[in-house]
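Take a look at the structure below.
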Amino acid sequence: MTDLLIIGAGLSGLLAGVWARRQGLRTRIAATGLGATHWHAGTIDALGYLPGEDAPVRSPFAALTRLTAARPGHPYALTGEAGLREALAAFRALLDELGLPYGGAANPDENLLLPSPAGAPRPVYLAPAAQLAGDMSRPEPYLLVGFQALRDFYPTVIAENLTKLGFRSRAEFLPIELITDRRDFSTIDLARAMDSADLSRLANALKRVAAPGERIGLPAILGLRRHGQIIAALREAVGAPIFEIPTLPPSVPGLRLTTVLREHFERDLHGRLDLGMTVIDFRAEAGRVTWVASRASARPVRHRARRFLLATGGILGGGFHSEPRGRVWETIFDLPLTAPQKRSRWFRPDFLAPEGHPVFRGGVRVGPDFRPLTLAGEPAFENLWAAGNLLADSDPISERSLEGVAIATALAAVTSLIKTDV
């Protein structure tokens, strides 16, 4: 029998699967799709903003006390600073091992500031190595290079906004024929084309437009399978720091992250990943989940396991449903949610309110062991755990804590369920 069935294949689900398999658990992941990681920038946000504040957080660890004082049920209040540090270090070590290295600021307690796709400062804790030369603390001027006919990347806008912030910046455009002869393409198509492109043509074109001392920002299209070799070859050939800036979704850096985690789980660790499997029902006996059922063409298919981990991503990931009158509910186990159950209380009047919106803070309340709780504060089921951005009291978009919460709670939940004799 399966030791652990994980429901959800986003960042939390994939990392939980990897960590569980590495501890010897027979692990299976069931999910509708691969989550939203390939829509994100591929960076790891631990904590970028405190609730209600406009200035970015310098040190996510130093800010934890203020965050958890304002939101005592926040997932970071459960993991603590030590748990967050341990999880981020484990993530970084894992990605180094898998050949997709991540790095951070020179001071490991601090965030980096990287240029966003609009040229705004973007606080992140860890970034793929290919994005690190964009660090706004570096002295080199920026050269933002786009490609004619490439949608979703606007180097002129980025350069103008960086200039307004006091950074020396300019933009150039190169022919798209340096990469592909296609006339209809996405950034994913370009990244695939780069895997087999003649890099000497692109390198020579970059050398012609770059001035001495500039660092070159390119759209995040520098390969999928051969990404590391491509960026290293370009940096050597051009003789300048080259870095990627994420484009509008879909995200090539996010797809790289998803791909290496999925392949490690399935190919290297021999875990089982079933996509297109929407879990819709369950059965419990004597306080234990005995099976969950997924939608099928004829009748639901049942899946049994000793332990279950819910990592469906909440309202943004499809783990919660809502109705026009304001009811919000968890879709599989009908777990109690902290989300407002009146539509008039979902949102604040200001769409861009720095403190975020109540509906996005609502979620599943868990205990210190990451088992979901009933309204009475007792574990809902003996063998059910939860992790990721379905947890209550965090607003990962406004806090810029999406990936940090996913990583820290995945490790904490797996650690807890391994210790629990069920």
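Going by the structure tokens order, chains are called A, B, ..., each with residues numbered from 1, while ligands are numbered from 1 in the order shown.
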Selection near A:Ala118, 8 Å with only C-alpha atoms, sequence-local residues under 6 positions removed, as a PDB file with N, CA and C atoms, in the first residue's frame:
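Written file, around.pdb:
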ATOM      1  N   TYR A 154       9.382  43.773 -22.556  1.00  0.00           N
ATOM      2  CA  TYR A 154       9.405  45.150 -23.006  1.00  0.00           C
ATOM      3  C   TYR A 154      10.642  45.859 -22.447  1.00  0.00           C
ATOM      4  N   VAL A 157      10.486  49.709 -21.654  1.00  0.00           N
ATOM      5  CA  VAL A 157       9.769  50.031 -20.417  1.00  0.00           C
ATOM      6  C   VAL A 157      10.641  49.746 -19.197  1.00  0.00           C
ATOM      7  N   ILE A 158      11.306  48.601 -19.209  1.00  0.00           N
ATOM      8  CA  ILE A 158      12.180  48.247 -18.084  1.00  0.00           C
ATOM      9  C   ILE A 158      13.279  49.286 -17.924  1.00  0.00           C
ATOM     10  N   ASN A 161      11.949  52.666 -16.544  1.00  0.00           N
ATOM     11  CA  ASN A 161      11.617  52.636 -15.116  1.00  0.00           C
ATOM     12  C   ASN A 161      12.862  52.503 -14.248  1.00  0.00           C
TER      13      ASN A 161
END
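By chain and then residue number, the residues within 12 Å of A:Asp181 are Gln148, Ala149, Pro175, Asp189, Leu190, Ala193 and Ala197 of chain A, counting only C-alpha atoms and disregarding those fewer than 6 positions away in sequence.
Nearest residue to A:Lys207, choosing from A:Leu234, A:Ala120, A:Ile29, A:Leu391 and counting only C-alpha atoms: A:Leu234.
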Among listed residues A:Leu100, A:Leu165, A:Ala36, A:Ala286, nearest A:Gln229 (using only C-alpha atoms): A:Leu100
What are the DSSP helix (DSSP H, G or I) residues of stretch 213-329 of chain A, as a PDB file with C-alpha atoms, in the first residue's frame?
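Result file follows (out.pdb):
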ATOM      1  CA  HIS A 227      19.993  26.175 -19.752  1.00  0.00           C
ATOM      2  CA  GLY A 228      23.166  25.996 -17.651  1.00  0.00           C
ATOM      3  CA  GLN A 229      25.426  25.365 -20.625  1.00  0.00           C
ATOM      4  CA  ILE A 230      23.764  28.094 -22.703  1.00  0.00           C
ATOM      5  CA  ILE A 231      24.114  30.928 -20.225  1.00  0.00           C
ATOM      6  CA  ALA A 232      27.686  29.908 -19.358  1.00  0.00           C
ATOM      7  CA  ALA A 233      28.624  29.839 -23.064  1.00  0.00           C
ATOM      8  CA  LEU A 234      27.058  33.243 -23.729  1.00  0.00           C
ATOM      9  CA  ARG A 235      28.759  34.853 -20.748  1.00  0.00           C
ATOM     10  CA  GLU A 236      32.133  33.538 -21.865  1.00  0.00           C
ATOM     11  CA  ALA A 237      31.671  34.472 -25.525  1.00  0.00           C
ATOM     12  CA  VAL A 238      30.354  37.979 -24.848  1.00  0.00           C
ATOM     13  CA  VAL A 252      10.422  29.593 -18.407  1.00  0.00           C
ATOM     14  CA  PRO A 253      12.296  29.705 -15.032  1.00  0.00           C
ATOM     15  CA  GLY A 254       9.206  28.314 -13.309  1.00  0.00           C
ATOM     16  CA  LEU A 255       8.929  25.548 -15.891  1.00  0.00           C
ATOM     17  CA  ARG A 256      12.607  24.661 -15.383  1.00  0.00           C
ATOM     18  CA  LEU A 257      11.997  24.350 -11.631  1.00  0.00           C
ATOM     19  CA  THR A 258       8.891  22.233 -12.084  1.00  0.00           C
ATOM     20  CA  THR A 259      10.644  19.988 -14.608  1.00  0.00           C
ATOM     21  CA  VAL A 260      13.713  19.197 -12.507  1.00  0.00           C
ATOM     22  CA  LEU A 261      11.602  18.429  -9.421  1.00  0.00           C
ATOM     23  CA  ARG A 262       9.173  16.260 -11.350  1.00  0.00           C
ATOM     24  CA  GLU A 263      11.890  14.303 -13.125  1.00  0.00           C
ATOM     25  CA  HIS A 264      13.817  13.783  -9.892  1.00  0.00           C
ATOM     26  CA  PHE A 265      10.692  12.479  -8.156  1.00  0.00           C
ATOM     27  CA  GLU A 266       9.674  10.140 -10.967  1.00  0.00           C
ATOM     28  CA  ARG A 267      12.916   9.107 -12.659  1.00  0.00           C
ATOM     29  CA  ASP A 268      15.478   9.193  -9.858  1.00  0.00           C
ATOM     30  CA  GLY A 314      -6.249  27.159  -1.762  1.00  0.00           C
ATOM     31  CA  ILE A 315      -8.409  29.662  -3.571  1.00  0.00           C
ATOM     32  CA  LEU A 316      -5.730  30.496  -6.158  1.00  0.00           C
ATOM     33  CA  GLY A 317      -4.871  26.851  -6.838  1.00  0.00           C
TER      34      GLY A 317
END
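The environment of A:Gly367 within 10 Å, counting only C-alpha atoms and disregarding residues fewer than 5 places along the same chain, consists of A:Gly73, A:Pro75, A:Leu78, A:Pro372, A:Leu373, A:Gly377, A:Glu378, A:Pro379, A:Trp385, A:Ala386.
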Neighbouring residues of A:Arg288 were defined as those with any atom within 9 Å, considering only C-alpha atoms; residues of the same chain fewer than 6 positions away were excluded. Please report them as a PDB file with N, CA and C atoms, in the first residue's frame.
ATOM      1  N   ALA A 380      -8.714  17.057  12.474  1.00  0.00           N
ATOM      2  CA  ALA A 380      -9.887  16.604  11.724  1.00  0.00           C
ATOM      3  C   ALA A 380      -9.812  15.110  11.450  1.00  0.00           C
ATOM      4  N   PHE A 381      -8.604  14.640  11.077  1.00  0.00           N
ATOM      5  CA  PHE A 381      -8.390  13.229  10.814  1.00  0.00           C
ATOM      6  C   PHE A 381      -6.995  12.876  11.307  1.00  0.00           C
ATOM      7  N   GLU A 382      -6.855  11.676  11.797  1.00  0.00           N
ATOM      8  CA  GLU A 382      -5.584  11.239  12.382  1.00  0.00           C
ATOM      9  C   GLU A 382      -4.462  11.188  11.365  1.00  0.00           C
ATOM     10  N   ASN A 383      -4.784  10.875  10.113  1.00  0.00           N
ATOM     11  CA  ASN A 383      -3.745  10.628   9.101  1.00  0.00           C
ATOM     12  C   ASN A 383      -3.805  11.604   7.934  1.00  0.00           C
ATOM     13  N   LEU A 384      -4.240  12.838   8.206  1.00  0.00           N
ATOM     14  CA  LEU A 384      -4.293  13.865   7.174  1.00  0.00           C
ATOM     15  C   LEU A 384      -3.456  15.071   7.608  1.00  0.00           C
TER      16      LEU A 384
END
If we count only C-alpha atoms and set the cut-off at 9 Å, which residues sit around stretch 7-15 of chain A, ignoring sequence neighbours fewer than 4 positions away in its own chain? Please answer as number ranges by chain. A: 19-20, 28-37, 91, 257-258, 261-262, 265, 273, 275, 278-279, 308-313, 317, 319, 387-389, 403, 405-411
For the interface of stretch 253-369 of chain A with stretch 45-52 of chain A (cut-off 9 Å, counting only C-alpha atoms), please tabulate each contacting residue of stretch 253-369 of chain A alongside its nearest pair of atoms and their separation in Å to one decimal, rows sorted by chain and increasing number, as CSV.
residue,atom,partner,partner_atom,distance
A:Ala353,CA,A:Gly52,CA,7.5
A:Pro354,CA,A:Gly52,CA,4.6
A:Glu355,CA,A:Gly52,CA,4.0
A:Gly356,CA,A:Pro51,CA,7.3
Going by DSSP on the backbone, which residues of stretch 128-201 of chain A come out as strand (DSSP E)? List them as a PDB file with C-alpha atoms, in the first residue's frame.
ATOM      1  CA  PRO A 128      18.110  31.014 -10.106  1.00  0.00           C
ATOM      2  CA  TYR A 142      21.974  47.844 -17.395  1.00  0.00           C
ATOM      3  CA  LEU A 143      21.603  46.978 -21.066  1.00  0.00           C
ATOM      4  CA  LEU A 144      18.153  45.450 -21.600  1.00  0.00           C
ATOM      5  CA  VAL A 145      18.004  43.460 -24.821  1.00  0.00           C
ATOM      6  CA  GLY A 146      14.763  42.378 -26.426  1.00  0.00           C
ATOM      7  CA  PHE A 147      13.910  40.676 -29.699  1.00  0.00           C
ATOM      8  CA  SER A 169      19.886  51.769 -18.193  1.00  0.00           C
ATOM      9  CA  ARG A 170      19.224  51.551 -21.896  1.00  0.00           C
ATOM     10  CA  ALA A 171      17.448  49.185 -24.293  1.00  0.00           C
ATOM     11  CA  GLU A 172      18.314  47.507 -27.593  1.00  0.00           C
ATOM     12  CA  PHE A 173      16.462  45.138 -29.931  1.00  0.00           C
ATOM     13  CA  LEU A 174      17.880  42.210 -31.918  1.00  0.00           C
TER      14      LEU A 174
END
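Compared by their closest atoms to A:Thr331, and using only C-alpha atoms, the residues A:Pro56, A:Gly213, A:Pro358, A:Gly363 rank with A:Gly363 nearest.
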With a cut-off of 12 Å, could you pull out the residues of stretch 120-165 of chain A touching stretch 80-88 of chain A and give me the nearest pair of atoms for each, distance in Å to one decimal, using only C-alpha atoms, ordered by chain and ascending number, as CSV?
residue,atom,partner,partner_atom,distance
A:Tyr125,CA,A:Leu88,CA,9.2
A:Leu126,CA,A:Leu88,CA,8.6
A:Ala127,CA,A:Leu88,CA,11.7
Please produce a file of the residues just selected, as a tab-separated table (two decimals), in the first residue's frame, where the atoms kept are N, CA and C atoms.
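Heads up, here's the output in part_32.tsv:
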chain	number	residue	atom	x	y	z
A	125	TYR	N	14.24	36.16	-1.97
A	125	TYR	CA	15.27	35.62	-1.09
A	125	TYR	C	16.27	34.76	-1.86
A	126	LEU	N	15.79	33.92	-2.75
A	126	LEU	CA	16.65	33.10	-3.59
A	126	LEU	C	16.22	33.27	-5.04
A	127	ALA	N	17.19	33.21	-5.93
A	127	ALA	CA	16.89	33.32	-7.35
A	127	ALA	C	17.75	32.32	-8.11
Exercise: A:Asp109 partners within 9 Å, only C-alpha atoms, chain neighbours under 6 positions left out, as a PyMOL selection string: chain A and resi 58-62+125
Under the rule that only C-alpha atoms are counted, which of A:Asn107, A:Val301, A:Arg215, A:Lys419 is the nearest residue to A:Pro139?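 Ranked by minimum distance to A:Pro139, first place goes to A:Arg215.
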Straight-line distance linking atom CA of A:Arg345 with atom CA of A:Pro324, stated in Å to one decimal: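 Spanning atom CA of A:Arg345 to atom CA of A:Pro324 is a straight-line distance of 12.4 Å.
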Quick one: distance from atom CA of A:Thr180 to atom CA of A:Gly119 in Å, one decimal? 26.3 Å
Could you tell me how far atom CA of A:Ala16 sits from atom CA of A:Arg192, in Å to one decimal place? 28.4 Å
Kindly indicate which residue among A:Thr420, A:Ser196, A:Thr2, A:Thr163 lies nearest to A:Leu224, using only C-alpha atoms for the distances. A:Ser196
